[in-house]
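For reference, data.txt (compact mmCIF, C-alpha atoms):
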# COMPACT_ATOMS: atom_id res chain seq x y z
CA MET A 1 -9.56 40.38 -45.16
CA GLY A 2 -9.12 44.07 -45.74
CA LEU A 3 -10.16 45.88 -48.85
CA PHE A 4 -6.56 46.41 -49.93
CA SER A 5 -5.18 43.08 -48.86
CA PHE A 6 -5.71 42.01 -52.46
CA PHE A 7 -2.77 44.20 -53.43
CA LYS A 8 -0.45 42.76 -50.85
CA THR A 9 2.04 40.32 -52.28
CA GLU A 10 1.03 36.82 -51.42
CA LYS A 11 4.55 35.46 -51.66
CA LYS A 12 5.53 37.12 -48.37
CA LYS A 13 4.21 34.21 -46.38
CA ASP A 14 5.58 32.46 -43.35
CA THR A 15 8.97 34.04 -42.85
CA ALA A 16 9.19 32.18 -39.53
CA SER A 17 9.81 28.84 -41.23
CA LEU A 18 12.45 30.51 -43.38
CA ALA A 19 14.10 31.78 -40.19
CA LYS A 20 14.05 28.31 -38.69
CA GLU A 21 15.55 26.74 -41.79
CA ARG A 22 18.35 29.32 -41.99
CA LEU A 23 19.16 28.94 -38.31
CA GLN A 24 19.30 25.16 -38.48
CA ILE A 25 21.72 25.24 -41.39
CA LEU A 26 23.86 27.96 -39.84
CA ILE A 27 24.07 26.37 -36.42
CA ALA A 28 24.86 22.93 -37.83
CA HIS A 29 27.64 24.58 -39.82
CA GLU A 30 29.01 26.50 -36.85
CA HIS A 31 29.03 23.36 -34.74
CA SER A 32 30.94 21.39 -37.35
CA ASP A 33 33.45 24.26 -37.63
CA LYS A 34 34.03 24.09 -33.91
CA ASN A 35 34.76 20.36 -34.00
CA LYS A 36 37.12 20.66 -36.92
CA LYS A 37 38.94 23.59 -35.40
CA SER A 38 42.45 23.74 -36.88
CA PRO A 39 45.43 23.81 -34.56
CA ASP A 40 46.72 27.19 -33.40
CA TYR A 41 50.15 26.68 -34.98
CA LEU A 42 48.76 26.51 -38.50
CA PRO A 43 49.04 30.20 -39.50
CA LYS A 44 52.61 30.39 -38.15
CA LEU A 45 53.53 27.14 -39.90
CA GLN A 46 52.16 28.47 -43.17
CA GLU A 47 54.17 31.67 -42.77
CA GLU A 48 57.44 29.85 -42.10
CA ILE A 49 56.97 27.39 -44.94
CA LEU A 50 56.35 30.34 -47.22
CA GLU A 51 59.60 31.94 -46.08
CA VAL A 52 61.59 28.80 -46.83
CA ILE A 53 60.07 28.37 -50.28
CA ARG A 54 60.69 32.01 -51.10
CA LYS A 55 64.44 31.41 -50.71
CA TYR A 56 64.24 29.37 -53.92
CA VAL A 57 61.18 30.42 -55.88
CA HIS A 58 58.84 33.31 -55.64
CA VAL A 59 55.38 32.29 -54.53
CA ASP A 60 52.49 34.38 -53.36
CA GLU A 61 50.88 33.97 -49.98
CA ASP A 62 47.82 32.43 -51.57
CA ASP A 63 49.95 29.80 -53.28
CA VAL A 64 50.68 27.95 -50.08
CA ASN A 65 47.85 26.08 -48.48
CA VAL A 66 48.15 24.27 -45.18
CA ASN A 67 45.35 22.09 -43.93
CA VAL A 68 44.81 19.61 -41.15
CA GLU A 69 42.31 16.90 -41.76
CA LYS A 70 41.10 14.90 -38.83
CA GLY A 71 40.75 11.16 -39.32
CA ASP A 72 39.54 8.62 -36.78
CA ASP A 73 42.96 7.36 -35.73
CA PHE A 74 45.27 10.02 -37.14
CA ASP A 75 45.34 13.57 -38.45
CA VAL A 76 46.70 14.40 -41.89
CA LEU A 77 48.74 17.54 -42.47
CA GLU A 78 48.09 18.55 -46.03
CA LEU A 79 50.48 20.93 -47.76
CA ASN A 80 49.62 22.41 -51.11
CA ILE A 81 52.05 24.68 -52.91
CA THR A 82 51.31 26.14 -56.31
CA LEU A 83 54.54 26.99 -58.14
CA PRO A 84 54.63 29.81 -60.68
CA GLU A 85 54.36 28.83 -64.39
CA GLU A 86 57.91 29.68 -65.53
CA ASP A 87 59.47 27.32 -63.04
CA LYS A 88 57.69 24.31 -64.40
CA MET B 1 23.52 24.43 -0.32
CA SER B 2 23.57 27.62 -2.32
CA LYS B 3 23.26 27.80 -6.06
CA VAL B 4 24.79 30.20 -8.53
CA ILE B 5 22.60 30.97 -11.54
CA VAL B 6 23.78 33.02 -14.50
CA VAL B 7 21.26 34.89 -16.62
CA THR B 8 22.86 35.25 -20.02
CA SER B 9 22.11 35.53 -23.74
CA GLY B 10 25.03 36.68 -25.84
CA LYS B 11 22.87 39.26 -27.58
CA GLY B 12 22.02 42.55 -25.92
CA GLY B 13 18.56 43.94 -25.30
CA VAL B 14 16.77 40.62 -25.06
CA GLY B 15 15.76 41.01 -21.42
CA LYS B 16 18.61 39.69 -19.27
CA THR B 17 18.39 42.40 -16.63
CA THR B 18 14.59 42.41 -16.61
CA SER B 19 14.67 38.63 -16.20
CA SER B 20 17.40 38.72 -13.54
CA ALA B 21 15.43 41.27 -11.51
CA ALA B 22 12.16 39.36 -11.85
CA PHE B 23 13.70 35.96 -11.17
CA ALA B 24 15.68 37.11 -8.13
CA ALA B 25 12.67 38.96 -6.69
CA GLY B 26 10.52 35.87 -7.27
CA LEU B 27 12.96 33.56 -5.51
CA ALA B 28 13.23 35.95 -2.58
CA ALA B 29 9.44 36.33 -2.36
CA LYS B 30 9.28 32.55 -1.99
CA GLY B 31 11.39 32.87 1.13
CA HIS B 32 14.83 32.11 -0.29
CA LYS B 33 17.67 34.43 0.61
CA THR B 34 18.75 35.75 -2.77
CA ALA B 35 21.47 38.05 -4.06
CA VAL B 36 21.48 39.43 -7.58
CA ILE B 37 24.81 40.68 -8.94
CA ASP B 38 25.23 43.04 -11.87
CA PHE B 39 28.27 41.95 -13.92
CA ASP B 40 27.94 44.73 -16.49
CA VAL B 41 30.90 46.80 -15.31
CA GLY B 42 30.82 50.23 -16.89
CA LEU B 43 27.19 49.96 -17.98
CA ARG B 44 25.30 49.03 -14.86
CA ASN B 45 21.53 48.99 -15.11
CA LEU B 46 20.26 46.39 -12.70
CA ASP B 47 20.12 49.08 -9.98
CA LEU B 48 17.84 51.17 -12.19
CA ILE B 49 15.57 48.28 -13.16
CA MET B 50 15.27 47.37 -9.48
CA GLY B 51 14.69 50.97 -8.43
CA VAL B 52 17.66 51.20 -6.07
CA GLU B 53 19.84 53.53 -8.17
CA ARG B 54 19.87 56.23 -5.50
CA ARG B 55 20.97 53.84 -2.80
CA VAL B 56 24.21 52.74 -4.47
CA VAL B 57 27.20 53.66 -2.32
CA TYR B 58 29.70 50.89 -2.95
CA ASP B 59 29.75 48.40 -5.80
CA PHE B 60 31.01 44.97 -6.87
CA VAL B 61 34.45 46.26 -7.89
CA ASN B 62 34.88 48.14 -4.59
CA VAL B 63 34.32 44.83 -2.80
CA ILE B 64 36.76 42.96 -5.05
CA ASN B 65 39.40 45.64 -4.49
CA GLY B 66 38.85 45.61 -0.75
CA GLU B 67 37.65 49.24 -0.69
CA ALA B 68 34.38 48.19 0.90
CA THR B 69 33.00 45.14 2.62
CA LEU B 70 30.36 43.01 0.96
CA LYS B 71 27.92 44.05 3.71
CA GLN B 72 28.46 47.72 2.85
CA ALA B 73 27.91 47.17 -0.87
CA LEU B 74 24.85 44.91 -0.75
CA ILE B 75 21.60 46.84 -1.04
CA LYS B 76 18.70 45.30 0.83
CA ASP B 77 15.48 45.51 -1.13
CA LYS B 78 12.68 47.38 0.65
CA ARG B 79 9.80 45.60 -1.09
CA VAL B 80 10.86 41.97 -0.85
CA ASP B 81 12.44 40.38 2.21
CA ASN B 82 15.51 38.21 1.57
CA LEU B 83 16.44 40.14 -1.58
CA TYR B 84 19.82 41.86 -1.95
CA ILE B 85 21.35 43.68 -4.89
CA LEU B 86 25.06 44.04 -5.63
CA PRO B 87 25.46 46.79 -8.23
CA ALA B 88 28.19 46.91 -10.86
CA SER B 89 30.75 49.65 -10.93
CA GLN B 90 29.92 52.49 -13.31
CA THR B 91 33.29 54.01 -13.97
CA ARG B 92 36.00 51.40 -13.98
CA ASP B 93 37.24 49.43 -16.90
CA LYS B 94 36.08 45.88 -17.58
CA ASP B 95 39.38 44.37 -16.44
CA ALA B 96 38.33 45.20 -12.91
CA LEU B 97 36.70 41.77 -12.69
CA ASN B 98 38.97 38.80 -12.15
CA LYS B 99 38.33 35.17 -11.30
CA GLU B 100 39.84 35.37 -7.83
CA GLY B 101 37.85 38.46 -6.89
CA VAL B 102 34.56 37.18 -8.27
CA GLU B 103 35.07 33.82 -6.61
CA SER B 104 35.78 35.41 -3.23
CA VAL B 105 32.58 37.49 -3.41
CA ILE B 106 30.50 34.45 -4.41
CA ASN B 107 32.05 32.38 -1.62
CA GLU B 108 31.35 35.08 0.92
CA LEU B 109 27.71 35.20 -0.19
CA LYS B 110 27.52 31.43 0.21
CA GLU B 111 29.00 31.65 3.70
CA ASP B 112 26.48 34.35 4.57
CA GLY B 113 23.70 31.86 3.93
CA PHE B 114 22.44 33.01 0.57
CA ASP B 115 20.37 30.27 -1.08
CA TYR B 116 20.58 31.73 -4.58
CA ILE B 117 23.13 33.97 -6.24
CA VAL B 118 21.81 35.33 -9.53
CA CYS B 119 24.48 36.68 -11.90
CA ASP B 120 23.14 39.21 -14.40
CA SER B 121 25.51 38.90 -17.36
CA PRO B 122 26.40 41.73 -19.72
CA ALA B 123 25.82 41.21 -23.44
CA GLY B 124 28.63 39.85 -25.58
CA ILE B 125 31.18 37.13 -24.92
CA GLU B 126 33.88 39.27 -23.36
CA ARG B 127 35.30 39.38 -19.87
CA GLY B 128 32.18 40.49 -17.99
CA ALA B 129 30.00 37.83 -19.62
CA PHE B 130 32.69 35.21 -19.03
CA MET B 131 33.04 36.14 -15.35
CA ALA B 132 29.26 36.02 -14.90
CA LEU B 133 29.01 32.47 -16.21
CA TYR B 134 32.30 31.00 -14.98
CA PHE B 135 31.14 30.01 -11.48
CA ALA B 136 27.57 29.12 -12.42
CA ASP B 137 25.81 25.92 -11.39
CA GLU B 138 22.82 26.65 -13.60
CA ALA B 139 22.17 29.00 -16.50
CA ILE B 140 19.10 30.76 -17.77
CA ILE B 141 19.51 31.54 -21.46
CA VAL B 142 17.30 34.48 -22.39
CA THR B 143 16.27 34.30 -26.04
CA ASN B 144 13.97 36.37 -28.24
CA PRO B 145 12.10 34.66 -31.07
CA GLU B 146 14.41 36.25 -33.61
CA VAL B 147 17.31 34.85 -35.67
CA SER B 148 20.23 36.80 -34.22
CA SER B 149 19.16 36.17 -30.65
CA VAL B 150 18.81 32.42 -31.25
CA ARG B 151 22.20 32.22 -32.93
CA ASP B 152 23.88 34.14 -30.10
CA SER B 153 22.19 31.90 -27.54
CA ASP B 154 23.71 28.92 -29.31
CA ARG B 155 27.15 30.57 -29.10
CA ILE B 156 26.80 31.28 -25.41
CA LEU B 157 25.69 27.66 -24.82
CA GLY B 158 28.92 26.55 -26.47
CA ILE B 159 30.91 28.73 -24.07
CA LEU B 160 28.96 27.45 -21.04
CA GLN B 161 29.71 23.90 -22.12
CA SER B 162 33.40 24.41 -22.73
CA ARG B 163 34.80 27.27 -20.67
CA SER B 164 32.88 27.40 -17.39
CA LYS B 165 34.40 26.12 -14.15
CA LYS B 166 31.90 23.25 -14.14
CA ALA B 167 32.97 22.28 -17.67
CA GLU B 168 36.66 22.50 -16.79
CA GLU B 169 36.04 20.11 -13.91
CA GLY B 170 34.26 17.70 -16.21
CA GLY B 171 30.76 18.57 -15.07
CA THR B 172 27.88 20.34 -16.78
CA ILE B 173 25.91 23.48 -16.07
CA LYS B 174 22.17 22.87 -15.94
CA GLU B 175 20.67 24.93 -18.74
CA HIS B 176 17.24 26.53 -18.95
CA LEU B 177 15.79 28.30 -21.96
CA LEU B 178 13.73 31.40 -21.25
CA ILE B 179 11.96 32.86 -24.26
CA THR B 180 11.00 36.51 -23.84
CA ARG B 181 9.02 39.03 -25.91
CA TYR B 182 6.89 36.26 -27.34
CA SER B 183 3.88 37.21 -29.45
CA PRO B 184 1.56 34.24 -29.95
CA ASN B 185 -0.40 36.17 -32.58
CA ARG B 186 2.69 36.75 -34.69
CA VAL B 187 3.70 33.12 -34.33
CA GLU B 188 0.25 32.10 -35.49
CA GLY B 189 0.62 34.45 -38.46
CA GLY B 190 3.94 32.87 -39.43
CA ASP B 191 5.94 36.03 -38.71
CA MET B 192 7.72 34.78 -35.62
CA LEU B 193 9.69 31.68 -34.65
CA SER B 194 7.55 29.50 -32.40
CA MET B 195 8.70 28.31 -29.00
CA ASP B 196 8.84 24.78 -30.40
CA ASP B 197 11.13 25.94 -33.21
CA ILE B 198 13.51 27.60 -30.74
CA VAL B 199 13.54 24.59 -28.41
CA GLU B 200 14.25 22.35 -31.40
CA ILE B 201 17.13 24.52 -32.63
CA LEU B 202 18.81 25.07 -29.26
CA SER B 203 17.77 21.70 -27.81
CA ILE B 204 17.77 22.72 -24.15
CA PRO B 205 14.82 22.44 -21.76
CA LEU B 206 12.36 25.34 -21.68
CA ILE B 207 11.74 27.00 -18.33
CA GLY B 208 9.27 29.59 -19.50
CA VAL B 209 7.85 31.88 -22.14
CA ILE B 210 7.31 35.54 -21.30
CA PRO B 211 4.78 37.23 -23.55
CA GLU B 212 5.48 40.62 -25.09
CA SER B 213 3.86 42.97 -22.61
CA GLY B 214 3.61 46.67 -21.98
CA ALA B 215 3.98 45.89 -18.30
CA VAL B 216 7.72 45.25 -18.77
CA LEU B 217 8.40 48.83 -19.87
CA GLN B 218 6.08 50.18 -17.20
CA ALA B 219 7.91 48.15 -14.59
CA SER B 220 11.32 49.41 -15.68
CA ASN B 221 9.97 52.98 -15.88
CA SER B 222 9.00 52.75 -12.24
CA GLY B 223 11.94 50.64 -11.05
CA ASN B 224 9.91 47.64 -9.95
CA PRO B 225 10.74 44.07 -10.94
CA VAL B 226 7.90 43.12 -13.31
CA ILE B 227 7.18 39.96 -11.30
CA LEU B 228 5.71 42.20 -8.59
CA ASP B 229 3.06 43.31 -11.09
CA THR B 230 0.91 40.28 -10.45
CA GLU B 231 -1.85 41.58 -12.71
CA SER B 232 0.32 41.53 -15.81
CA THR B 233 0.80 38.53 -18.08
CA ALA B 234 4.58 39.01 -18.02
CA GLY B 235 4.59 39.16 -14.22
CA GLN B 236 2.57 35.96 -13.99
CA ALA B 237 4.74 34.22 -16.57
CA TYR B 238 7.88 35.10 -14.56
CA SER B 239 6.18 33.82 -11.45
CA ASP B 240 5.62 30.48 -13.22
CA VAL B 241 9.31 30.44 -14.21
CA VAL B 242 10.31 30.75 -10.54
CA ASP B 243 7.91 27.95 -9.56
CA ARG B 244 9.28 25.68 -12.28
CA PHE B 245 12.83 26.48 -11.24
CA LEU B 246 11.92 25.43 -7.70
CA GLY B 247 10.68 22.11 -9.01
CA GLU B 248 6.94 22.64 -9.41
CA GLU B 249 5.12 21.51 -12.51
CA VAL B 250 3.34 24.49 -13.98
CA ALA B 251 1.67 24.54 -17.38
CA LEU B 252 2.75 27.24 -19.84
CA ARG B 253 0.43 30.22 -20.12
CA PHE B 254 -0.03 33.09 -22.59
CA ILE B 255 1.30 31.07 -25.51
CA ASP B 256 -1.84 30.83 -27.61
CA ALA B 257 -2.96 33.39 -30.14
CA GLU B 258 -5.95 35.51 -29.23
CA VAL B 259 -8.60 36.52 -31.66
CA GLU B 260 -7.59 40.01 -32.63
CA LYS B 261 -10.15 42.72 -32.21
CA LYS B 262 -9.72 44.75 -35.34
CA GLY B 263 -10.81 48.34 -35.50
CA PHE B 264 -12.70 49.72 -38.45
CA PHE B 265 -9.65 51.13 -40.20
CA LYS B 266 -7.64 48.04 -39.56
CA LYS B 267 -10.42 45.98 -41.11
CA LEU B 268 -10.47 48.25 -44.10
CA PHE B 269 -6.72 48.55 -44.65
CA GLY B 270 -5.47 45.53 -42.73
Final C-alpha cells representation of the file:
Amino acid sequence: MGLFSFFKTEKKKDTASLAKERLQILIAHEHSDKNKKSPDYLPKLQEEILEVIRKYVHVDEDDVNVNVEKGDDFDVLELNITLPEEDK
Amino acid sequence: MSKVIVVTSGKGGVGKTTSSAAFAAGLAAKGHKTAVIDFDVGLRNLDLIMGVERRVVYDFVNVINGEATLKQALIKDKRVDNLYILPASQTRDKDALNKEGVESVINELKEDGFDYIVCDSPAGIERGAFMALYFADEAIIVTNPEVSSVRDSDRILGILQSRSKKAEEGGTIKEHLLITRYSPNRVEGGDMLSMDDIVEILSIPLIGVIPESGAVLQASNSGNPVILDTESTAGQAYSDVVDRFLGEEVALRFIDAEVEKKGFFKKLFG
C-alpha cells in the first residue's frame, strides 16, 4: 500500500470482470443476430411496397415496416404500415 | 499428408505475424518441411519479422500471375533448415489474390513435399484475410486479453465456420486459441481478462499463452523469429505451442503472477 493509495478511488476495481460480462452479452447478441438474419430481398421488398402505397396515400419511409419472423415450421412475413392521420 | 494452417485474428496488431514466424520456425526446427506465406498484399511484413527483407526478389502475386516460379519466389531460411518464406507483394492491389491462384500455389507446395503450410493472414475480414483462411485445415486464432480483440476473434471464428472451403464441403476447421501479450500480474490485479475468461467466451481449445515480453520487440528489431530466443519466456511459450500442436502434452507456463519487486518510489506512490 502506497502512501497516496488512500486517495485512489476504490470503486475502480476489477474491470476485467466487467469486460467479461460485456463481451458475453455482446457475443450472445451477435450470435442470435446471425441466426435470425433477415432475407436479402427484404429492403427491396420494403421499397417496392412503399412505391405501391404511395400511389394512393402518402406515407413516409419509416411508416412501412417489413419483418420476417422465423418459426419452427414456417416463417411469418409481417407487414406494418402506419397511415397518416387525415386518411383515417 | 500436408496441412494448411491459417494464423488469423480479425483485429490488427495482436501478433499474427510474430506468431506465424515463430510457429513456422518452430515446426521447421522440429524437422518438418514448412512454408510460411504472407497474405497481407500491399502491407507485407513477414519478410521483415523473419529478417529476409533484403532477399525478396519475387513474391506470392508474381507466382500467381505466372511471372515467376514458386521455386524462384520461395526464400530459404538460413537459420533453420526446412523453413521457407513466401513474401506478399508490396505494390499490387488486394484483388491480386484469387481462389484459383492461391489454390494452385498451395497445391504446388503440397506436391513439393511441404508438411506444413502456414498462412499469415492480414487483419480485417476482407479479401486477403478470406483467402488466407479459405483453404485451411486448421486455424490458430491469435487473441489479446482485451475486449476488441476477443470480439474480433469471435467474428473470425464465425467466418471460419461458415465460409471456408472445409465449411462449404460440410467439414470443420480445427481451431486453436493462442492468447498473446498476457500479463499474469495484471490478471491477478483484475485489470486484464484471464485466459479462462477468454476460453469461456470463445469456447475453443487453448493451444498456448504467450506472456507479454520485451523479447518479442527485440526479436522483430533484429529480424529473428522470437522462438529462436530460447532464453526468453515468449520464445519458450511458442516452443510449447509447437509441441502441443504436434500432439505432445505440455503444461502451460508463465501464467502465474509473480511477486512484484517494487522500488522505493513505487512503494511510496504506488
What's the 8 Å shell around segment 144-151 of chain B, counting only C-alpha atoms, without same-chain residues fewer than 5 positions away, as a CSV table (one decimal) with C-alpha atoms, in the coordinates of the input?
chain,number,residue,atom,x,y,z
A,19,ALA,CA,14.1,31.8,-40.2
A,20,LYS,CA,14.0,28.3,-38.7
A,23,LEU,CA,19.2,28.9,-38.3
A,27,ILE,CA,24.1,26.4,-36.4
B,9,SER,CA,22.1,35.5,-23.7
B,10,GLY,CA,25.0,36.7,-25.8
B,11,LYS,CA,22.9,39.3,-27.6
B,14,VAL,CA,16.8,40.6,-25.1
B,179,ILE,CA,12.0,32.9,-24.3
B,180,THR,CA,11.0,36.5,-23.8
B,181,ARG,CA,9.0,39.0,-25.9
B,182,TYR,CA,6.9,36.3,-27.3
B,192,MET,CA,7.7,34.8,-35.6
B,193,LEU,CA,9.7,31.7,-34.6
B,194,SER,CA,7.6,29.5,-32.4
B,195,MET,CA,8.7,28.3,-29.0
B,198,ILE,CA,13.5,27.6,-30.7
B,202,LEU,CA,18.8,25.1,-29.3
I want to know what sits within 8 Å of Ser121 of chain B, based on all atoms listed in the file, with residues of the same chain fewer than 6 positions away left out; could you give that as a list in words?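 Non-adjacent residues within range: Val6, Val7, Thr8, Ser9, Lys16, Thr17, Asp38, Phe39, Asp40, Gly128, Ala129, Ala132 and Leu133 of chain B.
Relative to atom CA of Glu138 of chain B, atom CA of His31 of chain A is found at 22.3 Å.
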To test the calculation: enclose all listed atoms of segment 59-73 of chain A in a box whose edges run along x, y and z, add 5 Å on each side, then state centre and edge lengths in Å to one decimal, as AutoDock Vina command-line options.
--center_x 47.5 --center_y 20.9 --center_z -45.1 --size_x 25.8 --size_y 37.0 --size_z 28.8
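Here atom CA of Met50 of chain B stands at a distance of 9.3 Å from atom CA of Val226 of chain B.
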Have a look at atom CA of Leu160 of chain B and atom CA of Ile201 of chain B and let me know their distance in Å, one decimal.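 A separation of 16.8 Å between them.
Nearest-residue note for Asp14 of chain A: choosing from B:Ile64, B:Ala35, B:Val187, B:Val199, the minimum distance belongs to B:Val187, counting only C-alpha atoms.
Among the candidates B:Tyr116, B:Val80, B:Asp59, B:Gly66, the residue lying nearest to Lys33 of chain B is B:Tyr116 (atoms considered: only C-alpha atoms).
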One residue among A:Asp40, A:Ile49, A:Glu30, A:Glu21 is nearest to Val64 of chain A when using all atoms listed in the file, and that residue is A:Ile49
Go ahead and find all residues with at least one atom no further than 9 Å from (1.1, 44.2, -22.7) in the file's coordinates, using all atoms listed in the file; report them as a ChimeraX atom specification. /B:211-216,232-234
